[in-house]
>>> print(open('coords_32.cif').read())   # mmCIF, C-alpha atoms
data_protein
#
loop_
_atom_site.label_atom_id
_atom_site.label_comp_id
_atom_site.auth_asym_id
_atom_site.auth_seq_id
_atom_site.Cartn_x
_atom_site.Cartn_y
_atom_site.Cartn_z
CA MET A 1421 25.72 7.69 -8.21
CA TYR A 1422 26.06 11.47 -8.38
CA TYR A 1423 23.42 13.95 -7.32
CA TYR A 1424 23.79 17.59 -8.29
CA ILE A 1425 22.34 20.37 -6.15
CA TYR A 1426 22.00 23.64 -8.03
CA ASP A 1427 21.64 26.86 -6.10
CA SER A 1428 18.91 29.13 -7.41
CA PHE A 1429 21.29 31.82 -8.70
CA VAL A 1430 23.27 29.50 -11.02
CA GLN A 1431 20.19 29.13 -13.21
CA SER A 1432 20.07 32.87 -13.92
CA LYS A 1433 21.03 34.33 -17.31
CA GLU A 1434 24.29 35.61 -15.87
CA HIS A 1435 25.57 32.07 -15.30
CA ALA A 1436 23.76 30.25 -18.13
CA LYS A 1437 26.84 29.92 -20.33
CA GLU A 1438 29.03 28.70 -17.49
CA LEU A 1439 26.42 26.19 -16.35
CA ALA A 1440 26.01 24.85 -19.88
CA ALA A 1441 29.79 24.38 -20.12
CA VAL A 1442 29.74 22.45 -16.82
CA GLU A 1443 26.92 20.20 -17.98
CA ASN A 1444 28.65 19.46 -21.28
CA ARG A 1445 31.84 18.54 -19.47
CA LEU A 1446 29.96 16.26 -17.09
CA ALA A 1447 28.50 14.47 -20.11
CA ASP A 1448 31.99 14.17 -21.64
CA PHE A 1449 33.20 12.39 -18.51
CA GLY A 1450 30.01 10.33 -18.22
CA ILE A 1451 29.28 11.53 -14.67
CA THR A 1452 25.90 13.15 -15.10
CA GLY A 1453 23.21 12.45 -12.57
CA ASN A 1454 19.95 13.69 -11.10
CA ILE A 1455 19.64 17.39 -10.40
CA GLY A 1456 17.94 19.02 -7.46
CA ARG A 1457 17.34 22.75 -7.23
CA LEU A 1458 17.39 24.73 -4.01
CA SER A 1459 14.45 27.06 -3.61
CA LEU A 1460 12.28 28.64 -0.97
CA PHE A 1461 10.19 25.50 -0.85
CA ARG A 1462 12.94 22.90 -1.10
CA ASP A 1463 15.92 23.07 1.22
CA ALA A 1464 19.11 21.07 1.12
CA GLY A 1465 18.13 18.78 3.97
CA GLU A 1466 15.09 17.51 2.08
CA LEU A 1467 16.92 17.18 -1.23
CA VAL A 1468 19.88 15.30 0.24
CA GLY A 1469 17.73 13.11 2.45
CA ASP A 1470 15.48 12.03 -0.43
CA GLU A 1471 18.34 11.29 -2.81
CA VAL A 1472 20.36 9.34 -0.25
CA LYS A 1473 17.33 7.10 0.21
CA ARG A 1474 17.37 6.56 -3.55
CA GLY A 1475 21.00 5.52 -3.42
CA ALA A 1476 22.98 8.71 -4.04
CA LYS A 1477 26.49 8.40 -2.63
CA THR A 1478 28.05 11.62 -3.91
CA ILE A 1479 26.43 15.01 -3.56
CA VAL A 1480 27.82 17.72 -5.83
CA VAL A 1481 27.15 21.32 -4.82
CA VAL A 1482 26.89 23.61 -7.83
CA GLY A 1483 27.15 27.17 -6.55
CA ASP A 1484 29.25 29.35 -4.29
CA ASP A 1485 30.26 29.43 -0.62
CA SER A 1486 26.71 30.16 0.51
CA THR A 1487 25.52 27.07 -1.36
CA VAL A 1488 28.09 24.93 0.45
CA ARG A 1489 26.84 26.34 3.75
CA LYS A 1490 23.30 25.37 2.89
CA VAL A 1491 24.29 21.78 2.10
CA ILE A 1492 27.04 21.00 4.62
CA ASP A 1493 24.68 20.25 7.48
CA ALA A 1494 22.63 17.74 5.48
CA ALA A 1495 25.75 16.19 3.95
CA ALA A 1496 27.42 15.68 7.33
CA ILE A 1497 24.26 14.12 8.77
CA ALA A 1498 23.87 11.76 5.80
CA ARG A 1499 27.64 11.06 5.69
CA VAL A 1500 27.79 11.25 1.90
CA THR A 1501 30.79 12.15 -0.24
CA LEU A 1502 30.67 15.86 -0.96
CA ALA A 1503 32.02 17.66 -4.01
CA ILE A 1504 31.84 21.25 -5.24
CA ILE A 1505 31.60 22.86 -8.66
CA PRO A 1506 32.26 26.53 -7.80
CA ILE A 1507 30.16 29.00 -9.74
CA GLY A 1508 29.79 32.60 -8.63
CA ALA A 1509 31.97 35.20 -6.97
CA ALA A 1510 32.47 33.71 -3.51
CA GLN A 1511 34.69 30.64 -3.91
CA VAL A 1512 36.74 30.31 -0.74
CA PHE A 1513 35.76 26.65 -0.28
CA GLY A 1514 36.91 26.01 -3.84
CA ARG A 1515 40.30 27.58 -3.04
CA LEU A 1516 40.65 25.66 0.21
CA LEU A 1517 39.88 22.36 -1.53
CA GLY A 1518 41.88 23.05 -4.69
CA ILE A 1519 38.85 23.08 -6.99
CA PRO A 1520 38.89 25.55 -9.88
CA SER A 1521 35.83 27.44 -11.02
CA GLY A 1522 33.19 26.27 -13.49
CA ALA A 1523 33.83 23.56 -16.10
CA ALA A 1524 37.45 23.06 -14.96
CA ALA A 1525 36.07 21.67 -11.70
CA VAL A 1526 34.55 18.72 -13.53
CA GLU A 1527 37.98 17.28 -14.17
CA VAL A 1528 38.65 17.33 -10.42
CA LEU A 1529 35.30 15.67 -9.86
CA ALA A 1530 36.11 12.95 -12.39
CA ARG A 1531 39.52 12.28 -10.80
CA ARG A 1532 37.75 11.62 -7.53
CA ARG A 1533 40.65 12.36 -5.20
CA LEU A 1534 39.14 11.81 -1.77
CA LEU A 1535 39.96 13.42 1.56
CA THR A 1536 38.26 12.45 4.81
CA VAL A 1537 37.85 15.56 6.92
CA ASP A 1538 36.70 16.51 10.37
CA VAL A 1539 33.59 18.63 10.65
CA GLY A 1540 32.88 21.18 13.35
CA LYS A 1541 29.60 21.54 15.19
CA VAL A 1542 28.21 24.68 16.79
CA ASN A 1543 24.98 24.43 18.76
CA GLY A 1544 24.09 21.24 16.90
CA ARG A 1545 24.77 22.63 13.44
CA TYR A 1546 27.72 21.44 11.32
CA PHE A 1547 30.35 23.73 9.88
CA LEU A 1548 33.39 23.14 7.69
CA SER A 1549 35.81 26.05 7.96
CA GLN A 1550 35.64 28.00 11.22
CA VAL A 1551 33.69 29.93 13.82
CA ARG A 1552 34.92 33.51 14.04
CA ILE A 1553 34.05 35.89 16.86
CA PRO A 1554 35.22 39.52 16.67
CA ALA A 1555 36.81 41.10 19.74
CA GLY A 1556 34.34 41.44 22.56
CA ASN A 1557 33.47 40.39 26.09
CA PHE A 1558 32.83 36.69 26.35
CA ARG A 1559 33.95 33.78 28.50
CA MET A 1560 35.72 30.74 27.08
CA ARG A 1561 35.77 27.28 28.62
CA CYS A 1562 37.73 24.47 26.98
CA GLU A 1563 37.20 20.72 27.34
CA GLY A 1564 35.15 21.43 30.46
CA ASN A 1565 38.48 21.66 32.28
CA PHE A 1566 40.02 25.09 31.90
CA ASP A 1567 39.02 28.66 31.20
CA LEU A 1568 40.75 31.09 28.87
CA LYS A 1569 40.83 34.75 29.85
CA SER A 1570 42.28 37.69 28.05
CA ASP A 1571 43.47 40.85 29.83
CA ARG A 1572 41.93 42.87 27.01
CA PRO A 1573 39.12 41.90 24.61
CA GLY A 1574 40.50 39.79 21.78
CA ALA A 1575 39.14 38.18 18.64
CA LEU A 1576 38.59 34.43 18.60
CA GLN A 1577 38.69 31.99 15.72
CA ILE A 1578 37.88 28.34 16.21
CA ARG A 1579 39.30 26.70 13.13
CA ASN A 1580 38.65 23.40 11.48
CA MET A 1581 39.74 24.06 7.90
CA GLY A 1582 40.35 27.77 8.32
CA TRP A 1583 39.55 30.54 5.87
CA VAL A 1584 41.07 32.73 3.16
CA ALA A 1585 39.89 36.33 3.27
CA GLY A 1586 40.41 38.06 -0.07
CA ASP A 1587 44.09 38.50 -0.88
CA ALA A 1588 45.19 38.09 2.73
CA ALA A 1589 47.38 35.15 3.71
CA PRO A 1590 45.30 32.01 4.35
CA GLU A 1591 44.57 31.31 8.01
CA LEU A 1592 44.40 27.55 7.94
CA GLY A 1593 43.72 24.70 10.31
CA ASP A 1594 44.21 20.96 9.87
CA PRO A 1595 40.86 19.32 9.07
CA GLN A 1596 42.24 15.84 9.58
CA ASP A 1597 43.76 16.00 13.06
CA GLY A 1598 40.59 15.42 15.04
CA MET A 1599 41.01 18.80 16.74
CA LEU A 1600 39.81 22.37 16.47
CA GLU A 1601 42.27 25.20 16.85
CA ALA A 1602 41.26 28.06 19.13
CA VAL A 1603 43.17 31.15 18.01
CA ILE A 1604 42.99 34.26 20.19
CA ASP A 1605 44.37 37.55 18.90
CA ALA A 1606 44.53 39.99 21.80
CA PRO A 1607 46.37 43.31 22.26
CA THR A 1608 49.01 43.79 24.93
CA GLY A 1609 50.99 46.79 26.04
CA GLY A 1610 50.69 50.08 24.27
CA ASN A 1611 49.93 53.55 25.57
CA TRP A 1612 49.19 57.05 24.22
CA MET A 1613 52.53 57.04 22.43
CA HIS A 1614 52.91 53.46 21.30
CA LYS A 1615 50.41 51.20 19.61
CA ALA A 1616 49.46 47.97 21.40
CA THR A 1617 50.99 44.75 20.09
CA MET A 1618 48.67 41.98 18.92
CA ARG A 1619 49.71 38.63 20.29
CA ARG A 1620 48.36 35.28 19.14
CA SER A 1621 47.54 32.29 21.31
CA THR A 1622 46.86 28.93 19.70
CA ILE A 1623 45.21 26.16 21.67
CA PRO A 1624 44.09 22.83 20.17
CA VAL A 1625 40.75 21.79 21.63
CA LYS A 1626 38.06 19.22 21.00
CA LYS A 1627 35.30 21.15 22.69
CA MET A 1628 34.78 24.76 23.68
CA VAL A 1629 31.94 26.79 25.17
CA ILE A 1630 31.79 30.52 24.59
CA GLU A 1631 29.32 32.47 26.69
CA GLY A 1632 28.36 36.10 26.94
CA ASP A 1633 25.87 38.17 28.88
CA LYS A 1634 24.18 39.04 25.60
CA PRO A 1635 24.14 37.36 22.15
CA ILE A 1636 27.66 36.99 20.80
CA PRO A 1637 27.98 38.09 17.17
CA ALA A 1638 29.69 35.10 15.55
CA PHE A 1639 30.37 34.05 11.97
CA VAL A 1640 30.03 30.35 11.21
CA ASP A 1641 31.63 29.55 7.84
CA GLU A 1642 31.47 33.35 7.48
CA GLU A 1643 27.71 33.38 7.87
CA LYS A 1644 26.31 35.51 10.71
CA TYR A 1645 25.10 33.61 13.74
CA ALA A 1646 24.44 35.31 17.07
CA HIS A 1647 23.77 33.43 20.28
CA ALA A 1648 24.53 34.02 23.95
CA ARG A 1649 26.04 30.55 24.30
CA LEU A 1650 28.04 28.75 21.62
CA GLU A 1651 28.94 25.10 22.13
CA VAL A 1652 31.59 24.24 19.61
CA SER A 1653 32.99 20.76 19.13
CA ILE A 1654 34.79 18.63 16.56
CA VAL A 1655 33.35 15.55 14.88
CA PRO A 1656 36.44 13.70 13.60
CA HIS A 1657 36.56 12.07 10.17
CA ARG A 1658 32.91 12.82 9.46
CA LEU A 1659 32.87 13.73 5.79
CA ARG A 1660 34.59 12.56 2.62
CA MET A 1661 35.26 15.31 0.12
CA ILE A 1662 36.51 15.32 -3.45
CA VAL A 1663 39.50 17.64 -3.58
CA GLY A 1664 41.97 18.98 -6.09
CA ARG A 1665 45.73 18.59 -6.16
CA ASP A 1666 46.28 22.29 -5.37
CA ARG A 1667 44.26 22.30 -2.19
CA LEU A 1668 45.35 24.52 0.70
CA VAL A 1669 44.26 22.12 3.49
CA MET B 712 63.53 19.68 21.63
CA PHE B 713 60.76 21.43 19.70
CA ASN B 714 61.16 19.33 16.58
CA LYS B 715 58.58 20.12 13.90
CA GLU B 716 58.99 16.73 12.26
CA THR B 717 58.23 14.83 15.44
CA GLN B 718 55.29 17.13 15.99
CA LYS B 719 53.83 16.15 12.60
CA GLU B 720 54.44 12.45 13.19
CA ALA B 721 52.46 12.52 16.43
CA GLY B 722 49.72 14.51 14.74
CA SER B 723 49.63 17.03 17.62
CA GLN B 724 50.05 20.77 17.42
CA ASP B 725 51.95 23.20 19.61
CA THR B 726 49.87 25.02 22.18
CA ILE B 727 50.85 28.67 22.59
CA VAL B 728 49.55 30.85 25.42
CA ALA B 729 50.63 34.36 24.50
CA GLN B 730 51.25 37.34 26.76
CA GLY B 731 48.01 38.84 27.96
CA VAL B 732 46.16 35.51 28.04
CA ARG B 733 45.53 33.50 31.19
CA VAL B 734 44.60 29.84 31.51
CA GLU B 735 42.79 28.75 34.68
CA GLY B 736 42.16 25.11 35.49
CA ASP B 737 43.50 21.70 34.46
CA PHE B 738 45.40 22.39 31.27
CA LYS B 739 46.27 19.29 29.25
CA SER B 740 47.86 18.93 25.85
CA HIS B 741 49.20 16.10 23.73
CA GLY B 742 51.69 18.40 22.01
CA ASN B 743 54.37 20.89 23.00
CA ILE B 744 53.29 23.81 25.18
CA ILE B 745 54.75 27.31 25.00
CA ILE B 746 53.69 29.68 27.78
CA GLU B 747 54.28 33.41 27.42
CA GLY B 748 51.20 34.37 29.47
CA GLU B 749 49.83 32.98 32.73
CA VAL B 750 48.62 29.60 33.87
CA HIS B 751 46.88 28.87 37.18
CA GLY B 752 46.02 25.28 38.04
CA THR B 753 47.86 22.31 36.55
CA ILE B 754 49.76 21.73 33.32
CA ARG B 755 50.20 18.32 31.75
CA THR B 756 51.79 17.40 28.48
CA GLU B 757 53.36 14.27 27.03
CA ARG B 758 55.81 16.47 25.16
CA ASP B 759 57.88 19.56 25.89
CA LEU B 760 57.12 22.68 27.89
CA ARG B 761 58.71 26.08 27.39
CA VAL B 762 58.09 28.87 29.89
CA GLY B 763 58.92 32.28 28.45
CA GLU B 764 60.64 35.12 30.30
CA GLN B 765 57.40 37.05 30.88
CA ALA B 766 55.40 33.94 31.71
CA ARG B 767 53.96 33.25 35.13
CA ILE B 768 52.85 29.77 36.14
CA VAL B 769 51.12 29.03 39.42
CA ALA B 770 50.59 25.33 38.85
CA ASN B 771 52.02 21.87 39.24
CA VAL B 772 53.62 20.73 36.02
CA TRP B 773 54.05 17.38 34.33
CA ALA B 774 56.01 17.21 31.06
CA GLU B 775 58.47 15.15 29.07
CA SER B 776 61.04 17.94 29.25
CA ALA B 777 61.01 21.64 30.11
CA VAL B 778 62.90 24.86 29.50
CA VAL B 779 62.04 27.53 32.07
CA SER B 780 62.87 31.19 31.55
CA GLY B 781 60.07 32.74 33.60
CA GLU B 782 58.32 32.24 36.91
CA VAL B 783 56.98 28.90 38.15
CA GLN B 784 55.29 28.48 41.52
CA GLY B 785 54.56 24.81 41.86
CA ASN B 786 56.13 21.39 41.67
CA MET B 787 57.58 20.15 38.40
CA LYS B 788 57.69 16.48 37.52
CA ILE B 789 59.67 16.14 34.31
CA ALA B 790 60.37 12.77 32.70
CA GLU B 791 63.61 13.69 31.05
CA ARG B 792 65.37 17.05 31.24
CA VAL B 793 64.62 20.38 32.82
CA GLU B 794 66.64 23.46 32.01
CA LEU B 795 66.48 26.63 34.13
CA THR B 796 67.80 29.58 32.20
CA PRO B 797 69.32 32.69 33.85
CA THR B 798 65.96 34.50 34.07
CA SER B 799 64.03 31.61 35.61
CA ARG B 800 62.50 31.77 39.08
CA VAL B 801 61.16 28.47 40.38
CA THR B 802 59.50 28.02 43.76
CA GLY B 803 58.69 24.39 44.22
CA ASP B 804 60.18 20.94 43.93
CA ILE B 805 61.68 19.61 40.72
CA GLU B 806 61.91 15.97 39.82
CA ALA B 807 63.75 15.14 36.58
CA LYS B 808 66.39 12.80 35.18
CA THR B 809 68.59 15.70 34.19
CA VAL B 810 68.59 19.17 35.68
CA SER B 811 70.49 22.06 34.17
CA ILE B 812 70.59 25.28 36.20
CA ALA B 813 72.21 28.29 34.58
CA PRO B 814 73.97 31.00 36.60
CA GLY B 815 71.36 33.55 37.65
CA ALA B 816 68.51 31.04 37.85
CA ILE B 817 66.58 31.03 41.14
CA LEU B 818 65.33 27.74 42.52
CA ASN B 819 63.77 27.48 45.97
CA GLY B 820 62.75 23.90 46.48
CA ARG B 821 63.92 20.31 46.43
CA CYS B 822 65.61 18.82 43.42
CA THR B 823 65.18 15.07 42.99
CA MET B 824 66.84 13.05 40.26
CA PRO B 825 65.44 9.51 40.15
CA GLY B 826 67.96 6.69 39.90
CA GLY B 827 70.77 8.86 41.32
CA PRO B 828 71.48 7.90 44.95
CA GLU B 829 70.40 4.25 44.54
CA THR B 830 72.64 3.87 41.47
CA ILE B 831 75.54 5.49 43.32
CA ALA B 832 74.90 3.25 46.36
CA ALA B 833 75.24 0.17 44.16
CA THR B 834 78.71 1.22 42.98
CA VAL B 835 80.08 2.81 46.18
CA PRO B 836 82.41 0.51 48.17
CA LYS B 837 81.03 -0.76 51.51
CA SER B 838 83.63 1.20 53.41
CA ALA B 839 82.30 4.54 52.10
CA LYS B 840 79.69 6.52 54.10
CA ARG B 841 76.17 6.62 52.73
CA SER B 842 74.00 9.73 52.65
CA ARG B 843 70.93 9.49 54.89
CA THR B 844 68.68 11.34 52.51
CA GLN B 845 67.90 10.60 48.89
CA THR B 846 67.19 14.21 47.99
CA SER B 847 69.32 17.29 47.97
CA ILE B 848 68.20 20.85 48.49
CA VAL B 849 69.70 23.20 45.98
CA GLU B 850 69.56 26.94 46.39
CA VAL B 851 71.12 28.95 43.65
CA GLU B 852 70.92 32.70 43.97
CA GLU B 853 72.43 35.52 42.05
CA PRO B 854 75.93 36.15 43.40
CA GLN B 855 76.34 39.37 45.41
CA ILE B 856 78.96 41.50 43.74
CA SER B 857 80.41 44.17 46.05
#
>>> encode(input="coords_32.cif", output="structure tokens")
Amino acid sequence: MYYYIYDSFVQSKEHAKELAAVENRLADFGITGNIGRLSLFRDAGELVGDEVKRGAKTIVVVGDDSTVRKVIDAAAIARVTLAIIPIGAAQVFGRLLGIPSGAAAVEVLARRRLLTVDVGKVNGRYFLSQVRIPAGNFRMRCEGNFDLKSDRPGALQIRNMGWVAGDAAPELGDPQDGMLEAVIDAPTGGNWMHKATMRRSTIPVKKMVIEGDKPIPAFVDEEKYAHARLEVSIVPHRLRMIVGRDRLV
Amino acid sequence: MFNKETQKEAGSQDTIVAQGVRVEGDFKSHGNIIIEGEVHGTIRTERDLRVGEQARIVANVWAESAVVSGEVQGNMKIAERVELTPTSRVTGDIEAKTVSIAPGAILNGRCTMPGGPETIAATVPKSAKRSRTQTSIVEVEEPQIS
């Protein structure tokens, strides 16, 4: 049984035609279902929780990357199958999972190609792609056993699926290996004549704590999240997702 | 040694500690480890270890096999093969099945190769003298050219 969660913006005039095309295609494939709409007064947790009690097994997010972020926490808690119909400008999750935009995504949904993925957790909240922390002063402790220190402030990414920023090369992780990937990009060398060289360290971890003397400006699934202490961990094989053949992960 | 196919089969990734990064504590990995930075504490892996030329390790090491091109201060217990390249500087004991020491490598410590003396003792005729010790101390320094 499919349950569709529409973000508020997909119901605007701008996306009316695209949404109608999606709904027609769903009817063609015979995979229509109940629809819930995100709003100020109804968040994803409530919608997903209520529908799972009614027997929904597949939650389909109709919206963009921000919509996926709103739903991922509830979906991981309920352990449903998650699918996406990307509508809107920001479609990185669609690219990562090989799901085209709009009505073309319905075919992927109908094919029901499933992938069981790990989900990350930061301070009790689930994330799918990565936690990114720009260069700054913070302490890193891995697995409770060893500390990572950088001679000079470096940027940190803790990847599950990874991310694709614009036209840049995808920076991917493996969302099925039961591990997170801590990637540190820190400068070395360099002086007034020569630019410093960026060097990359890659350390697979299951758990990591990042602490700073003041709130650390982090991006969780590219959404801002600042906290003085970030406890990041992996939850292996937590979520089943419907993916396309051309997925990047 | 660093075979990408075997890495995929085991499902474990390479760990890379780049120059400018330091690890302090008990450092464990299920995959290959490549050190170009610093490690203080202990290093354990079920797979292969590579110590780069600029790397500095102050730690005891356990690995399946190792290639050392930098500095190691600590004991190394290697299941299979350890290779010391010309730029390596090891202060500590090495235990491995196979040890390869290139000209120019510096090793100050004991070198133990399990199965060696006992195996030899089994094949040596009774009339031959036996060595009292089971270990040998190897010191290899850069030759002085006058």
>>> closest_atom_pairs(input="coords_32.cif", of="chain A", to="chain B", cutoff="7 Å", atoms="only C-alpha atoms", output="tab-separated table")
residue	atom	partner	partner_atom	distance
A:Asn1565	CA	B:Asp737	CA	5.5
A:Phe1566	CA	B:Gly736	CA	4.2
A:Asp1567	CA	B:Glu735	CA	5.1
A:Leu1568	CA	B:Val734	CA	4.8
A:Lys1569	CA	B:Arg733	CA	5.0
A:Ser1570	CA	B:Val732	CA	4.5
A:Asp1571	CA	B:Gly731	CA	5.3
A:Asp1597	CA	B:Gly722	CA	6.4
A:Thr1608	CA	B:Gly731	CA	5.9
A:Arg1619	CA	B:Ala729	CA	6.1
A:Arg1620	CA	B:Ala729	CA	5.9
A:Ser1621	CA	B:Val728	CA	4.8
A:Thr1622	CA	B:Ile727	CA	4.9
A:Ile1623	CA	B:Thr726	CA	4.8
A:Pro1624	CA	B:Thr726	CA	6.5
>>> atom_distance(input="coords_32.cif", atom1="atom CA of Ala1606 of chain A", atom2="atom CA of Phe1558 of chain A")
13.0 Å
>>> residues_around(input="coords_32.cif", residues="segment 1479-1482 of chain A", least_positions_apart="4", cutoff="8 Å", atoms="only C-alpha atoms", output="list of chain:residue names")
A:Tyr1422, A:Tyr1423, A:Tyr1424, A:Ile1425, A:Tyr1426, A:Asp1427, A:Val1430, A:Val1468, A:Thr1487, A:Val1488, A:Val1491, A:Ala1495, A:Val1500, A:Thr1501, A:Leu1502, A:Ala1503, A:Ile1504, A:Ile1505, A:Pro1506, A:Ile1507
>>> closest_residue(input="coords_32.cif", among="A:Ala1555, A:Ile1636, A:Leu1548, A:Leu1460", to="Ser1428 of chain A", atoms="all atoms listed in the file")
A:Leu1460
>>> closest_residue(input="coords_32.cif", among="A:Leu1529, A:Ala1524, A:Ile1497, A:Ala1588", to="Thr1452 of chain A", atoms="all atoms listed in the file")
A:Leu1529
>>> residues_around(input="coords_32.cif", residues="segment 1640-1646 of chain A", least_positions_apart="4", cutoff="7 Å", atoms="all atoms listed in the file", output="list in words")
Phe1547, Leu1548, Ser1549, Gln1550, Val1551, Arg1552, Pro1635 and Ile1636 of chain A
>>> write_last_selection(input="coords_32.cif", atoms="C-alpha atoms", output="PDB file, keeping the file's coordinate frame")
ATOM      1  CA  PHE A1547      30.350  23.730   9.880  1.00  0.00           C
ATOM      2  CA  LEU A1548      33.390  23.140   7.690  1.00  0.00           C
ATOM      3  CA  SER A1549      35.810  26.050   7.960  1.00  0.00           C
ATOM      4  CA  GLN A1550      35.640  28.000  11.220  1.00  0.00           C
ATOM      5  CA  VAL A1551      33.690  29.930  13.820  1.00  0.00           C
ATOM      6  CA  ARG A1552      34.920  33.510  14.040  1.00  0.00           C
ATOM      7  CA  PRO A1635      24.140  37.360  22.150  1.00  0.00           C
ATOM      8  CA  ILE A1636      27.660  36.990  20.800  1.00  0.00           C
TER       9      ILE A1636
END
>>> resolve_selection(input="coords_32.cif", expression="the PyMOL selection byres ((chain A and resi 1498) around 12)", output="ChimeraX atom specification")
/A:1464-1473,1475-1479,1491-1497,1499-1502,1546,1658-1660
>>> resolve_selection(input="coords_32.cif", expression="the PyMOL selection byres ((chain B and resi 810) around 8)", output="PyMOL selection string")
chain B and resi 792-795+807-809+811-812+824
>>> resolve_selection(input="coords_32.cif", expression="the PyMOL selection byres ((chain A and resi 1451) around 10)", output="ChimeraX atom specification")
/A:1421-1423,1443,1445-1450,1452-1453,1526,1529-1530
>>> write_last_selection(input="coords_32.cif", atoms="C-alpha atoms", output="mmCIF file, in the frame of the given file")
data_model
loop_
_atom_site.group_PDB
_atom_site.id
_atom_site.type_symbol
_atom_site.label_atom_id
_atom_site.label_comp_id
_atom_site.auth_asym_id
_atom_site.auth_seq_id
_atom_site.Cartn_x
_atom_site.Cartn_y
_atom_site.Cartn_z
ATOM 1 C CA MET A 1421 25.720 7.690 -8.210
ATOM 2 C CA TYR A 1422 26.060 11.470 -8.380
ATOM 3 C CA TYR A 1423 23.420 13.950 -7.320
ATOM 4 C CA GLU A 1443 26.920 20.200 -17.980
ATOM 5 C CA ARG A 1445 31.840 18.540 -19.470
ATOM 6 C CA LEU A 1446 29.960 16.260 -17.090
ATOM 7 C CA ALA A 1447 28.500 14.470 -20.110
ATOM 8 C CA ASP A 1448 31.990 14.170 -21.640
ATOM 9 C CA PHE A 1449 33.200 12.390 -18.510
ATOM 10 C CA GLY A 1450 30.010 10.330 -18.220
ATOM 11 C CA THR A 1452 25.900 13.150 -15.100
ATOM 12 C CA GLY A 1453 23.210 12.450 -12.570
ATOM 13 C CA VAL A 1526 34.550 18.720 -13.530
ATOM 14 C CA LEU A 1529 35.300 15.670 -9.860
ATOM 15 C CA ALA A 1530 36.110 12.950 -12.390
#
>>> atom_distance(input="coords_32.cif", atom1="atom CA of Ala1510 of chain A", atom2="atom CA of Gly1586 of chain A")
9.7 Å
